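Note: the block below is structure30.txt and it holds compact mmCIF, C-alpha atoms.
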# COMPACT_ATOMS: atom_id res chain seq x y z
CA MET N 1 0.00 0.00 0.00
CA THR N 2 2.83 2.38 0.83
CA PHE N 3 4.28 1.50 -2.54
CA GLU N 4 0.96 2.33 -4.21
CA ILE N 5 0.88 5.66 -2.44
CA GLU N 6 4.39 6.43 -3.61
CA THR N 7 3.45 5.53 -7.16
CA ALA N 8 0.37 7.72 -7.01
CA LEU N 9 2.40 10.62 -5.64
CA ARG N 10 4.84 10.33 -8.52
CA GLN N 11 2.08 10.31 -11.10
CA PRO N 12 1.44 13.98 -11.80
CA ARG N 13 5.11 14.56 -12.47
CA ALA N 14 5.30 11.85 -15.07
CA GLY N 15 2.82 13.47 -17.42
CA ALA N 16 2.86 17.08 -16.32
CA ARG N 17 3.64 19.48 -19.14
CA VAL N 18 3.72 23.16 -18.48
CA ASP N 19 1.36 24.93 -20.82
CA PRO N 20 3.15 27.17 -23.40
CA GLY N 21 0.91 30.05 -22.32
CA VAL N 22 2.10 29.70 -18.72
CA LEU N 23 5.71 29.80 -19.89
CA ALA N 24 5.08 32.80 -22.13
CA ARG N 25 3.41 34.78 -19.36
CA ALA N 26 6.26 34.02 -16.94
CA ARG N 27 8.75 35.14 -19.59
CA ASP N 28 6.85 38.35 -20.35
CA ARG N 29 6.72 39.24 -16.68
CA ALA N 30 10.42 38.52 -16.25
CA LEU N 31 11.16 40.83 -19.20
CA GLN N 32 8.86 43.50 -17.81
CA GLU N 33 10.52 43.38 -14.41
CA GLY N 34 13.98 43.69 -15.93
CA ALA N 35 15.12 40.24 -14.77
CA VAL N 36 16.42 39.29 -18.24
CA ASP N 37 19.81 40.55 -19.46
CA VAL N 38 19.98 38.85 -22.86
CA ALA N 39 16.95 38.16 -25.07
CA TYR N 40 17.44 36.02 -28.14
CA ALA N 41 15.56 34.68 -31.13
CA GLU N 42 16.18 32.82 -34.31
CA VAL N 43 15.82 34.96 -37.44
CA ASP N 44 15.45 33.56 -40.95
CA SER N 45 17.58 34.92 -43.76
CA PRO N 46 18.55 33.98 -47.32
CA LEU N 47 21.90 32.97 -45.82
CA GLY N 48 20.28 30.49 -43.45
CA PRO N 49 18.95 30.92 -39.93
CA LEU N 50 20.63 33.50 -37.70
CA VAL N 51 20.74 33.71 -33.92
CA ALA N 52 20.10 37.28 -32.79
CA ALA N 53 20.61 38.43 -29.21
CA ALA N 54 19.96 41.80 -27.59
CA THR N 55 20.54 43.38 -24.21
CA PRO N 56 18.53 46.40 -23.03
CA ARG N 57 21.33 48.47 -24.60
CA GLY N 58 21.03 46.99 -28.07
CA LEU N 59 21.95 44.18 -30.44
CA VAL N 60 24.86 42.32 -28.89
CA ARG N 61 25.22 39.24 -31.11
CA LEU N 62 24.19 38.04 -34.55
CA ALA N 63 25.48 34.65 -35.62
CA TYR N 64 25.06 32.31 -38.55
CA GLU N 65 23.34 29.41 -36.85
CA ASP N 66 25.19 26.60 -38.67
CA GLY N 67 24.40 24.18 -35.83
CA ARG N 68 26.14 26.46 -33.35
CA ARG N 69 23.06 27.79 -31.56
CA ASP N 70 23.91 26.25 -28.19
CA ALA N 71 27.54 27.33 -28.44
CA VAL N 72 26.45 30.91 -29.21
CA LEU N 73 24.08 30.95 -26.22
CA ASP N 74 26.65 29.38 -23.88
CA ASP N 75 29.12 32.05 -24.94
CA LEU N 76 26.59 34.82 -24.23
CA ALA N 77 25.87 33.29 -20.82
CA ALA N 78 29.57 33.21 -19.99
CA ARG N 79 30.57 36.60 -21.40
CA VAL N 80 27.51 38.85 -21.01
CA SER N 81 25.17 37.33 -18.42
CA PRO N 82 23.65 33.90 -17.72
CA ARG N 83 20.22 35.56 -17.57
CA VAL N 84 19.55 34.56 -21.18
CA LEU N 85 15.97 33.97 -22.30
CA GLU N 86 14.34 33.26 -25.66
CA ALA N 87 12.15 36.30 -26.32
CA PRO N 88 11.43 36.79 -30.03
CA ALA N 89 9.44 40.01 -29.53
CA ARG N 90 12.56 41.72 -28.20
CA LEU N 91 14.20 41.09 -31.58
CA ASP N 92 11.31 42.29 -33.76
CA GLU N 93 13.07 45.46 -34.88
CA VAL N 94 16.25 43.56 -35.78
CA ARG N 95 14.19 41.01 -37.70
CA ARG N 96 12.36 43.75 -39.61
CA GLU N 97 15.54 45.57 -40.56
CA LEU N 98 17.27 42.39 -41.69
CA GLU N 99 14.25 41.45 -43.77
CA ASP N 100 14.28 44.88 -45.44
CA TYR N 101 18.02 44.69 -46.00
CA PHE N 102 17.85 41.29 -47.70
CA ALA N 103 14.87 42.44 -49.77
CA GLY N 104 16.91 45.41 -51.04
CA ARG N 105 14.72 47.95 -49.25
CA ARG N 106 17.31 49.06 -46.70
CA ARG N 107 20.91 50.24 -47.01
CA GLY N 108 21.81 50.76 -43.36
CA PHE N 109 20.75 49.53 -39.93
CA ASP N 110 19.18 51.72 -37.27
CA VAL N 111 19.07 49.24 -34.37
CA ALA N 112 21.19 50.21 -31.39
CA ILE N 113 24.33 48.16 -30.89
CA ASP N 114 25.72 46.88 -27.61
CA TRP N 115 29.49 46.46 -28.02
CA ALA N 116 29.76 44.37 -24.82
CA LEU N 117 31.46 41.47 -26.59
CA THR N 118 34.31 43.56 -27.97
CA ARG N 119 36.97 45.73 -26.43
CA GLY N 120 40.17 47.58 -27.16
CA PHE N 121 41.61 47.44 -30.66
CA THR N 122 38.95 44.96 -31.82
CA GLU N 123 36.19 47.34 -30.85
CA ARG N 124 37.88 50.25 -32.60
CA VAL N 125 38.33 48.20 -35.78
CA LEU N 126 34.69 47.15 -35.72
CA ARG N 127 33.49 50.69 -35.10
CA ALA N 128 35.57 51.82 -38.08
CA THR N 129 34.02 48.98 -40.06
CA ALA N 130 30.52 50.04 -39.04
CA ALA N 131 31.20 53.35 -40.80
CA VAL N 132 31.85 51.77 -44.22
CA PRO N 133 28.70 52.58 -46.21
CA PHE N 134 26.48 50.19 -48.13
CA GLY N 135 27.77 49.63 -51.65
CA GLU N 136 31.35 50.55 -50.80
CA VAL N 137 34.30 48.45 -49.70
CA SER N 138 37.31 49.07 -47.52
CA SER N 139 40.56 47.26 -46.75
CA TYR N 140 42.13 45.70 -43.68
CA ARG N 141 44.71 48.48 -43.79
CA ASP N 142 42.04 51.20 -43.90
CA VAL N 143 40.06 49.88 -40.95
CA ALA N 144 43.34 49.34 -39.05
CA ALA N 145 44.14 52.99 -39.73
CA GLY N 146 40.60 53.90 -38.65
CA ALA N 147 41.31 52.10 -35.39
CA GLY N 148 44.46 54.15 -34.91
CA ASN N 149 47.18 51.74 -36.09
CA ALA N 150 47.61 51.47 -39.87
CA ALA N 151 50.39 48.90 -39.50
CA ALA N 152 48.20 46.42 -37.62
CA THR N 153 46.51 44.91 -40.68
CA ARG N 154 46.83 41.35 -39.41
CA ALA N 155 45.34 42.29 -36.05
CA ALA N 156 42.57 44.07 -37.95
CA GLY N 157 41.90 40.85 -39.85
CA ASN N 158 41.62 38.98 -36.55
CA ALA N 159 39.29 41.64 -35.17
CA LEU N 160 37.00 41.30 -38.18
CA GLY N 161 37.03 37.53 -37.79
CA ALA N 162 35.83 38.03 -34.22
CA ASN N 163 32.98 40.35 -35.25
CA PRO N 164 30.08 39.41 -32.93
CA ILE N 165 27.53 41.19 -35.15
CA PRO N 166 28.19 40.32 -38.80
CA ILE N 167 25.91 41.79 -41.51
CA VAL N 168 24.86 44.68 -39.24
CA VAL N 169 28.49 45.56 -38.56
CA PRO N 170 29.49 45.03 -42.19
CA CYS N 171 32.81 43.20 -41.97
CA HIS N 172 31.95 41.70 -45.36
CA ARG N 173 32.78 45.11 -46.86
CA VAL N 174 36.39 44.86 -45.79
CA LEU N 175 38.64 43.22 -48.39
CA ARG N 176 42.29 42.27 -48.49
CA THR N 177 44.51 45.28 -49.07
CA GLY N 178 45.57 44.09 -52.54
CA GLY N 179 41.90 43.73 -53.54
CA GLY N 180 41.51 40.02 -52.75
CA LEU N 181 38.28 38.90 -51.14
CA GLY N 182 39.75 37.90 -47.77
CA GLY N 183 38.05 35.63 -45.25
CA TYR N 184 34.63 35.85 -43.62
CA THR N 185 33.10 34.56 -40.38
CA GLY N 186 30.30 32.78 -42.23
CA GLY N 187 32.46 31.56 -45.13
CA THR N 188 33.41 33.42 -48.31
CA ASP N 189 30.26 32.31 -50.20
CA ARG N 190 28.24 34.45 -47.84
CA LYS N 191 30.64 37.34 -48.22
CA VAL N 192 30.19 37.14 -51.99
CA PHE N 193 26.40 36.97 -51.58
CA LEU N 194 26.35 40.12 -49.42
CA LEU N 195 28.70 42.06 -51.70
CA ARG N 196 26.54 41.15 -54.71
CA LEU N 197 23.40 42.13 -52.83
CA GLU N 198 24.97 45.55 -52.27
CA GLY N 199 26.16 45.84 -55.88
CA SER N 200 29.82 45.85 -54.89
CA LEU N 201 30.52 42.66 -56.82
CA LEU N 202 29.13 41.98 -60.24
CA GLY N 203 27.77 38.68 -61.42
CA MET X 1 34.07 26.57 -11.93
CA PRO X 2 32.15 25.71 -15.10
CA ALA X 3 30.11 28.62 -16.42
CA LEU X 4 26.38 28.67 -15.72
CA PRO X 5 24.24 27.59 -18.68
CA PRO X 6 21.87 30.12 -20.27
CA PHE X 7 18.78 30.40 -18.08
CA GLN X 8 16.62 29.33 -21.04
CA ALA X 9 18.32 25.90 -20.87
CA LEU X 10 17.13 25.52 -17.26
CA LEU X 11 13.59 26.29 -18.31
CA ASP X 12 13.77 23.90 -21.27
CA ASP X 13 15.01 21.11 -19.01
CA HIS X 14 13.06 21.66 -15.80
CA ALA X 15 9.98 23.86 -16.34
CA ASP X 16 7.68 20.82 -16.55
CA ASP X 17 9.01 19.40 -13.29
CA VAL X 18 8.79 22.73 -11.49
CA PHE X 19 5.26 23.33 -12.69
CA GLY X 20 4.20 19.77 -11.82
CA PHE X 21 5.66 20.22 -8.35
CA LEU X 22 3.75 23.48 -7.90
CA VAL X 23 0.46 22.01 -9.08
CA ALA X 24 0.89 19.22 -6.53
CA SER X 25 1.88 21.72 -3.82
CA VAL X 26 -0.67 24.49 -4.23
CA GLY X 27 -3.18 23.26 -6.80
CA ARG X 28 -3.71 24.21 -10.41
CA GLN X 29 -5.29 27.53 -9.53
CA ASP X 30 -2.31 29.02 -7.70
CA ALA X 31 0.37 27.11 -9.60
CA GLU X 32 0.73 29.65 -12.38
CA ASP X 33 1.33 32.59 -10.03
CA CYS X 34 3.81 30.50 -8.07
CA PHE X 35 5.51 29.49 -11.30
CA GLN X 36 5.95 33.13 -12.32
CA GLU X 37 7.28 34.02 -8.88
CA THR X 38 9.68 31.09 -9.07
CA VAL X 39 11.00 32.04 -12.51
CA ILE X 40 11.53 35.66 -11.54
CA ALA X 41 13.16 34.88 -8.19
CA ALA X 42 15.41 32.32 -9.90
CA LEU X 43 16.41 34.80 -12.63
CA ARG X 44 17.23 37.45 -10.04
CA ALA X 45 19.42 35.10 -8.01
CA TYR X 46 20.92 33.20 -10.93
CA PRO X 47 24.10 35.21 -11.60
CA ARG X 48 25.13 34.69 -7.95
CA VAL X 49 24.73 30.90 -8.04
CA ARG X 50 28.11 29.38 -7.30
CA ARG X 51 27.50 25.74 -8.12
CA GLY X 52 25.91 24.77 -11.38
CA ASP X 53 25.77 21.03 -10.72
CA ASN X 54 22.32 20.84 -9.13
CA LEU X 55 20.26 23.53 -10.79
CA ARG X 56 17.15 21.37 -10.86
CA GLY X 57 17.28 21.01 -7.07
CA TRP X 58 17.97 24.72 -6.77
CA LEU X 59 14.87 25.57 -8.86
CA LEU X 60 12.68 23.19 -6.86
CA THR X 61 13.90 24.76 -3.63
CA ILE X 62 12.78 28.16 -4.87
CA ALA X 63 9.47 26.67 -6.03
CA HIS X 64 9.06 25.12 -2.58
CA HIS X 65 9.48 28.52 -0.91
CA LYS X 66 6.98 30.11 -3.27
CA ALA X 67 4.52 27.30 -2.53
CA ILE X 68 4.91 27.92 1.20
CA ASP X 69 4.24 31.62 0.63
CA ALA X 70 1.11 30.75 -1.33
CA HIS X 71 -0.04 28.40 1.42
CA ARG X 72 0.35 31.14 4.03
CA ALA X 73 -1.44 33.66 1.83
CA ARG X 74 -4.27 31.22 1.28
CA ARG X 75 -4.65 30.57 4.96
CA ARG X 76 -5.16 34.29 5.42
CA ARG X 77 -8.04 34.42 2.97
CA PRO X 78 -11.19 32.31 3.19
CA ALA X 79 -10.84 29.48 0.70
CA PRO X 80 -13.79 28.82 -1.57
CA VAL X 81 -15.12 25.35 -0.89
CA GLU X 82 -14.68 24.08 -4.44
CA GLU X 83 -11.00 24.97 -4.50
CA VAL X 84 -9.85 21.40 -4.14
CA ARG X 85 -6.17 21.02 -4.69
CA GLY X 86 -4.82 19.54 -7.83
CA ASP X 87 -8.10 18.41 -9.29
CA ALA X 88 -7.11 19.37 -12.82
CA VAL X 89 -3.91 17.36 -13.13
CA ARG X 90 -4.87 14.30 -11.27
CA ASP X 91 -7.96 13.28 -13.09
CA PRO X 92 -10.32 11.24 -12.87
CA GLU X 93 -10.20 8.56 -10.18
CA PRO X 94 -11.83 9.89 -7.04
CA ALA X 95 -9.30 8.01 -4.87
CA ASP X 96 -6.68 10.41 -6.18
CA GLY X 97 -8.47 13.42 -4.78
CA THR X 98 -8.50 11.77 -1.39
CA LEU X 99 -4.77 11.19 -1.52
CA TRP X 100 -3.99 14.77 -2.43
CA SER X 101 -6.23 16.26 0.21
CA ALA X 102 -4.54 13.89 2.67
CA VAL X 103 -1.18 15.27 1.55
CA ASP X 104 -2.62 18.72 2.03
CA ASP X 105 -3.58 17.93 5.60
CA LEU X 106 -0.09 16.79 6.63
CA PRO X 107 1.94 19.03 8.96
CA PRO X 108 4.01 21.45 6.83
CA LYS X 109 7.43 19.75 7.15
CA GLN X 110 5.99 16.33 6.40
CA ARG X 111 3.99 17.63 3.48
CA SER X 112 7.05 19.39 2.06
CA ALA X 113 9.21 16.29 2.51
CA VAL X 114 6.65 14.10 0.75
CA LEU X 115 6.20 16.54 -2.14
CA LEU X 116 9.93 17.16 -2.61
CA ARG X 117 10.70 13.44 -2.48
CA PHE X 118 8.00 11.99 -4.69
CA VAL X 119 6.77 14.82 -6.88
CA GLY X 120 10.11 16.66 -7.05
CA ASP X 121 12.12 13.45 -7.10
CA LEU X 122 14.82 15.03 -4.93
CA PRO X 123 17.32 12.98 -2.89
CA HIS X 124 17.15 13.16 0.91
CA ARG X 125 20.23 15.37 1.02
CA ASP X 126 18.50 18.07 -1.09
CA ILE X 127 15.27 17.76 0.88
CA ALA X 128 17.23 18.32 4.10
CA ARG X 129 18.92 21.38 2.62
CA THR X 130 15.67 22.80 1.26
CA LEU X 131 13.86 22.38 4.58
CA GLU X 132 16.93 23.50 6.53
CA ILE X 133 16.90 20.40 8.68
CA SER X 134 19.30 17.47 9.11
CA GLU X 135 19.16 14.52 6.74
CA PRO X 136 17.89 12.13 9.47
CA ALA X 137 15.20 14.68 10.29
CA ALA X 138 14.24 14.84 6.61
CA ARG X 139 13.95 11.06 6.53
CA ARG X 140 11.85 11.08 9.70
CA ASN X 141 9.47 13.67 8.27
CA LEU X 142 9.16 11.72 5.07
CA HIS X 143 8.56 8.47 6.89
CA GLU X 144 6.01 10.01 9.24
CA GLY X 145 4.22 11.70 6.34
CA LEU X 146 3.98 8.47 4.40
CA ARG X 147 2.74 6.64 7.48
CA LYS X 148 -0.08 9.15 7.91
CA LEU X 149 -1.00 8.95 4.24
CA HIS X 150 -1.11 5.20 4.56
CA GLU X 151 -3.42 5.52 7.55
CA VAL X 152 -5.81 7.81 5.73
CA MET X 153 -5.83 5.75 2.57
CA THR X 154 -6.61 2.37 4.16
Final structure tokens representation of the file:
Amino acid sequence: MTFEIETALRQPRAGARVDPGVLARARDRALQEGAVDVAYAEVDSPLGPLVAAATPRGLVRLAYEDGRRDAVLDDLAARVSPRVLEAPARLDEVRRELEDYFAGRRRGFDVAIDWALTRGFTERVLRATAAVPFGEVSSYRDVAAGAGNAAATRAAGNALGANPIPIVVPCHRVLRTGGGLGGYTGGTDRKVFLLRLEGSLLG
Amino acid sequence: MPALPPFQALLDDHADDVFGFLVASVGRQDAEDCFQETVIAALRAYPRVRRGDNLRGWLLTIAHHKAIDAHRARRRRPAPVEEVRGDAVRDPEPADGTLWSAVDDLPPKQRSAVLLRFVGDLPHRDIARTLEISEPAARRNLHEGLRKLHEVMT
């Protein structure tokens, strides 16, 4: 009989599923009360799904998903805050701007950026990169100069490779100093796609 | 120390268990409020958590405290007669209702021990820590609670 009681006590747990509405309301309240530091969502794009993450200060991370979703979120938890929650509505503006960009309706991004994942020379290189306009290209040497050290082209290349917000911070517009394509966080095919989209590469 | 996982991963892994525990503890009606309180309290405390190896137990401990709060609040307001605990999850056999109201009638420590052990599936060590009593005392409360349930149910 005691065994039966134990079994009966365990029962509700076995099948209990929290209703999605209950979860959503808890999440919304947590957001409202400022208990969430990083909100994220998956965003579709012609280049495959992206993981977008924002803090109250702005967009902090945009990553080509490529099966790395968990790694991206773990990294945010370790380097920004573990208070990471999936909250698609917090990324609506980012989603809209990306959609417009890929549809050819938008040439620049207006979303605020949180530079929390960059510092020092890397941050200066990426800020210089953010100033390269749609439809134009720059070089590793130029963005290194923009960051205050024209000789540090290799370090500039590393900084661009560590860009936490590709597409929005347009590291795809930075080419090798001799005119070669150079590398890209999401692979050179994507770099070519973006440069064609912007009319910087023909074909 | 390994880094804490994103809070969303905790919810993905344990939200069902936490909610199930709360339904068993305070009934379907109050479970949602308690769940929200638990999530928010957990989020607030999360960056200060020093050990990430028992986050499920940690969440259930918070849920337990929120359930106790709800119990106290309910005792302060007159309960409507039809507010029978847990009716919605533990359908339909009437014997079930008897069991859960028997759980409800246990002294607080025994009730908590029974719920944490069988609904929360926590080991005695975690139950002791959650109730801030020794492990032998946790076992005693559990044993005594089960004995009373047995009495009521036979």
Counting only C-alpha atoms, a student should be able to say which residues of chain N come within 12 Å of chain X; what is the right answer, written as a JSON list (two decimals) with C-alpha atoms, in the coordinates of the input?
[["chain", "number", "residue", "atom", "x", "y", "z"],
["N", 1, "MET", "CA", 0.00, 0.00, 0.00],
["N", 2, "THR", "CA", 2.83, 2.38, 0.83],
["N", 3, "PHE", "CA", 4.28, 1.50, -2.54],
["N", 4, "GLU", "CA", 0.96, 2.33, -4.21],
["N", 5, "ILE", "CA", 0.88, 5.66, -2.44],
["N", 6, "GLU", "CA", 4.39, 6.43, -3.61],
["N", 7, "THR", "CA", 3.45, 5.53, -7.16],
["N", 8, "ALA", "CA", 0.37, 7.72, -7.01],
["N", 9, "LEU", "CA", 2.40, 10.62, -5.64],
["N", 10, "ARG", "CA", 4.84, 10.33, -8.52],
["N", 11, "GLN", "CA", 2.08, 10.31, -11.10],
["N", 12, "PRO", "CA", 1.44, 13.98, -11.80],
["N", 13, "ARG", "CA", 5.11, 14.56, -12.47],
["N", 14, "ALA", "CA", 5.30, 11.85, -15.07],
["N", 15, "GLY", "CA", 2.82, 13.47, -17.42],
["N", 16, "ALA", "CA", 2.86, 17.08, -16.32],
["N", 17, "ARG", "CA", 3.64, 19.48, -19.14],
["N", 18, "VAL", "CA", 3.72, 23.16, -18.48],
["N", 19, "ASP", "CA", 1.36, 24.93, -20.82],
["N", 20, "PRO", "CA", 3.15, 27.17, -23.40],
["N", 21, "GLY", "CA", 0.91, 30.05, -22.32],
["N", 22, "VAL", "CA", 2.10, 29.70, -18.72],
["N", 23, "LEU", "CA", 5.71, 29.80, -19.89],
["N", 24, "ALA", "CA", 5.08, 32.80, -22.13],
["N", 25, "ARG", "CA", 3.41, 34.78, -19.36],
["N", 26, "ALA", "CA", 6.26, 34.02, -16.94],
["N", 27, "ARG", "CA", 8.75, 35.14, -19.59],
["N", 28, "ASP", "CA", 6.85, 38.35, -20.35],
["N", 29, "ARG", "CA", 6.72, 39.24, -16.68],
["N", 30, "ALA", "CA", 10.42, 38.52, -16.25],
["N", 31, "LEU", "CA", 11.16, 40.83, -19.20],
["N", 32, "GLN", "CA", 8.86, 43.50, -17.81],
["N", 33, "GLU", "CA", 10.52, 43.38, -14.41],
["N", 34, "GLY", "CA", 13.98, 43.69, -15.93],
["N", 35, "ALA", "CA", 15.12, 40.24, -14.77],
["N", 36, "VAL", "CA", 16.42, 39.29, -18.24],
["N", 37, "ASP", "CA", 19.81, 40.55, -19.46],
["N", 38, "VAL", "CA", 19.98, 38.85, -22.86],
["N", 39, "ALA", "CA", 16.95, 38.16, -25.07],
["N", 40, "TYR", "CA", 17.44, 36.02, -28.14],
["N", 41, "ALA", "CA", 15.56, 34.68, -31.13],
["N", 69, "ARG", "CA", 23.06, 27.79, -31.56],
["N", 70, "ASP", "CA", 23.91, 26.25, -28.19],
["N", 71, "ALA", "CA", 27.54, 27.33, -28.44],
["N", 72, "VAL", "CA", 26.45, 30.91, -29.21],
["N", 73, "LEU", "CA", 24.08, 30.95, -26.22],
["N", 74, "ASP", "CA", 26.65, 29.38, -23.88],
["N", 75, "ASP", "CA", 29.12, 32.05, -24.94],
["N", 76, "LEU", "CA", 26.59, 34.82, -24.23],
["N", 77, "ALA", "CA", 25.87, 33.29, -20.82],
["N", 78, "ALA", "CA", 29.57, 33.21, -19.99],
["N", 79, "ARG", "CA", 30.57, 36.60, -21.40],
["N", 80, "VAL", "CA", 27.51, 38.85, -21.01],
["N", 81, "SER", "CA", 25.17, 37.33, -18.42],
["N", 82, "PRO", "CA", 23.65, 33.90, -17.72],
["N", 83, "ARG", "CA", 20.22, 35.56, -17.57],
["N", 84, "VAL", "CA", 19.55, 34.56, -21.18],
["N", 85, "LEU", "CA", 15.97, 33.97, -22.30],
["N", 86, "GLU", "CA", 14.34, 33.26, -25.66],
["N", 87, "ALA", "CA", 12.15, 36.30, -26.32]]
_Gap from atom CA of Ala70 of chain X to atom CA of Asp30 of chain X - Å, one decimal_ =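 For atom CA of Ala70 of chain X relative to atom CA of Asp30 of chain X, the distance reads 7.4 Å.
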*For the atom pair atom CA of Gly48 of chain N and atom CA of Lys191 of chain N, what is the interatomic distance in Å to one decimal place?*
13.3 Å
*Write out as a VMD selection string which residues come within 12 Å of segment 172-180 of chain N when counting all atoms listed in the file, dropping same-chain ones fewer than 6 positions away.*
chain N and resid 125 to 126 128 to 144 150 to 151 153 to 154 156 to 157 159 to 161 163 165 to 166 186 to 201
For a cut-off of 12 Å around (12.7, 34.2, -41.2), file coordinates, pick out all residues using all atoms listed in the file and list them as a PDB file with C-alpha atoms, in the coordinates of the input.
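Below is the file that was written, selection.pdb:
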ATOM      1  CA  ALA N  41      15.560  34.680 -31.130  1.00  0.00           C
ATOM      2  CA  GLU N  42      16.180  32.820 -34.310  1.00  0.00           C
ATOM      3  CA  VAL N  43      15.820  34.960 -37.440  1.00  0.00           C
ATOM      4  CA  ASP N  44      15.450  33.560 -40.950  1.00  0.00           C
ATOM      5  CA  SER N  45      17.580  34.920 -43.760  1.00  0.00           C
ATOM      6  CA  PRO N  46      18.550  33.980 -47.320  1.00  0.00           C
ATOM      7  CA  LEU N  47      21.900  32.970 -45.820  1.00  0.00           C
ATOM      8  CA  GLY N  48      20.280  30.490 -43.450  1.00  0.00           C
ATOM      9  CA  PRO N  49      18.950  30.920 -39.930  1.00  0.00           C
ATOM     10  CA  LEU N  50      20.630  33.500 -37.700  1.00  0.00           C
ATOM     11  CA  VAL N  51      20.740  33.710 -33.920  1.00  0.00           C
ATOM     12  CA  ALA N  52      20.100  37.280 -32.790  1.00  0.00           C
ATOM     13  CA  PRO N  88      11.430  36.790 -30.030  1.00  0.00           C
ATOM     14  CA  LEU N  91      14.200  41.090 -31.580  1.00  0.00           C
ATOM     15  CA  ASP N  92      11.310  42.290 -33.760  1.00  0.00           C
ATOM     16  CA  VAL N  94      16.250  43.560 -35.780  1.00  0.00           C
ATOM     17  CA  ARG N  95      14.190  41.010 -37.700  1.00  0.00           C
ATOM     18  CA  ARG N  96      12.360  43.750 -39.610  1.00  0.00           C
ATOM     19  CA  GLU N  97      15.540  45.570 -40.560  1.00  0.00           C
ATOM     20  CA  LEU N  98      17.270  42.390 -41.690  1.00  0.00           C
ATOM     21  CA  GLU N  99      14.250  41.450 -43.770  1.00  0.00           C
ATOM     22  CA  ASP N 100      14.280  44.880 -45.440  1.00  0.00           C
ATOM     23  CA  PHE N 102      17.850  41.290 -47.700  1.00  0.00           C
TER      24      PHE N 102
END
*Interatomic distance between atom CA of Phe121 of chain N and atom CA of Glu93 of chain N?*
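Computing it gives 28.9 Å between the two atoms.
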Can I get segment 55-69 of chain X with N, CA and C atoms filled in, as a PDB file, in the coordinates of the input?
ATOM      1  N   LEU X  55      21.152  22.401 -10.545  1.00  0.00           N
ATOM      2  CA  LEU X  55      20.260  23.530 -10.790  1.00  0.00           C
ATOM      3  C   LEU X  55      18.790  23.124 -10.702  1.00  0.00           C
ATOM      4  N   ARG X  56      18.526  21.856 -10.996  1.00  0.00           N
ATOM      5  CA  ARG X  56      17.150  21.370 -10.860  1.00  0.00           C
ATOM      6  C   ARG X  56      16.711  21.437  -9.392  1.00  0.00           C
ATOM      7  N   GLY X  57      17.570  20.951  -8.494  1.00  0.00           N
ATOM      8  CA  GLY X  57      17.280  21.010  -7.070  1.00  0.00           C
ATOM      9  C   GLY X  57      17.147  22.446  -6.590  1.00  0.00           C
ATOM     10  N   TRP X  58      18.008  23.300  -7.133  1.00  0.00           N
ATOM     11  CA  TRP X  58      17.970  24.720  -6.770  1.00  0.00           C
ATOM     12  C   TRP X  58      16.627  25.342  -7.181  1.00  0.00           C
ATOM     13  N   LEU X  59      16.165  25.042  -8.398  1.00  0.00           N
ATOM     14  CA  LEU X  59      14.870  25.570  -8.860  1.00  0.00           C
ATOM     15  C   LEU X  59      13.722  25.062  -8.000  1.00  0.00           C
ATOM     16  N   LEU X  60      13.770  23.769  -7.668  1.00  0.00           N
ATOM     17  CA  LEU X  60      12.680  23.190  -6.860  1.00  0.00           C
ATOM     18  C   LEU X  60      12.669  23.775  -5.459  1.00  0.00           C
ATOM     19  N   THR X  61      13.844  24.114  -4.947  1.00  0.00           N
ATOM     20  CA  THR X  61      13.900  24.760  -3.630  1.00  0.00           C
ATOM     21  C   THR X  61      13.193  26.118  -3.680  1.00  0.00           C
ATOM     22  N   ILE X  62      13.459  26.875  -4.726  1.00  0.00           N
ATOM     23  CA  ILE X  62      12.780  28.160  -4.870  1.00  0.00           C
ATOM     24  C   ILE X  62      11.277  27.949  -5.020  1.00  0.00           C
ATOM     25  N   ALA X  63      10.890  26.970  -5.834  1.00  0.00           N
ATOM     26  CA  ALA X  63       9.470  26.670  -6.030  1.00  0.00           C
ATOM     27  C   ALA X  63       8.826  26.287  -4.689  1.00  0.00           C
ATOM     28  N   HIS X  64       9.554  25.510  -3.900  1.00  0.00           N
ATOM     29  CA  HIS X  64       9.060  25.120  -2.580  1.00  0.00           C
ATOM     30  C   HIS X  64       8.759  26.344  -1.720  1.00  0.00           C
ATOM     31  N   HIS X  65       9.699  27.305  -1.713  1.00  0.00           N
ATOM     32  CA  HIS X  65       9.480  28.520  -0.910  1.00  0.00           C
ATOM     33  C   HIS X  65       8.281  29.317  -1.405  1.00  0.00           C
ATOM     34  N   LYS X  66       8.129  29.382  -2.724  1.00  0.00           N
ATOM     35  CA  LYS X  66       6.980  30.110  -3.270  1.00  0.00           C
ATOM     36  C   LYS X  66       5.673  29.401  -2.928  1.00  0.00           C
ATOM     37  N   ALA X  67       5.719  28.071  -2.903  1.00  0.00           N
ATOM     38  CA  ALA X  67       4.520  27.300  -2.530  1.00  0.00           C
ATOM     39  C   ALA X  67       4.148  27.554  -1.079  1.00  0.00           C
ATOM     40  N   ILE X  68       5.170  27.630  -0.218  1.00  0.00           N
ATOM     41  CA  ILE X  68       4.910  27.920   1.200  1.00  0.00           C
ATOM     42  C   ILE X  68       4.268  29.305   1.337  1.00  0.00           C
ATOM     43  N   ASP X  69       4.822  30.274   0.606  1.00  0.00           N
ATOM     44  CA  ASP X  69       4.240  31.620   0.630  1.00  0.00           C
ATOM     45  C   ASP X  69       2.772  31.578   0.227  1.00  0.00           C
TER      46      ASP X  69
END
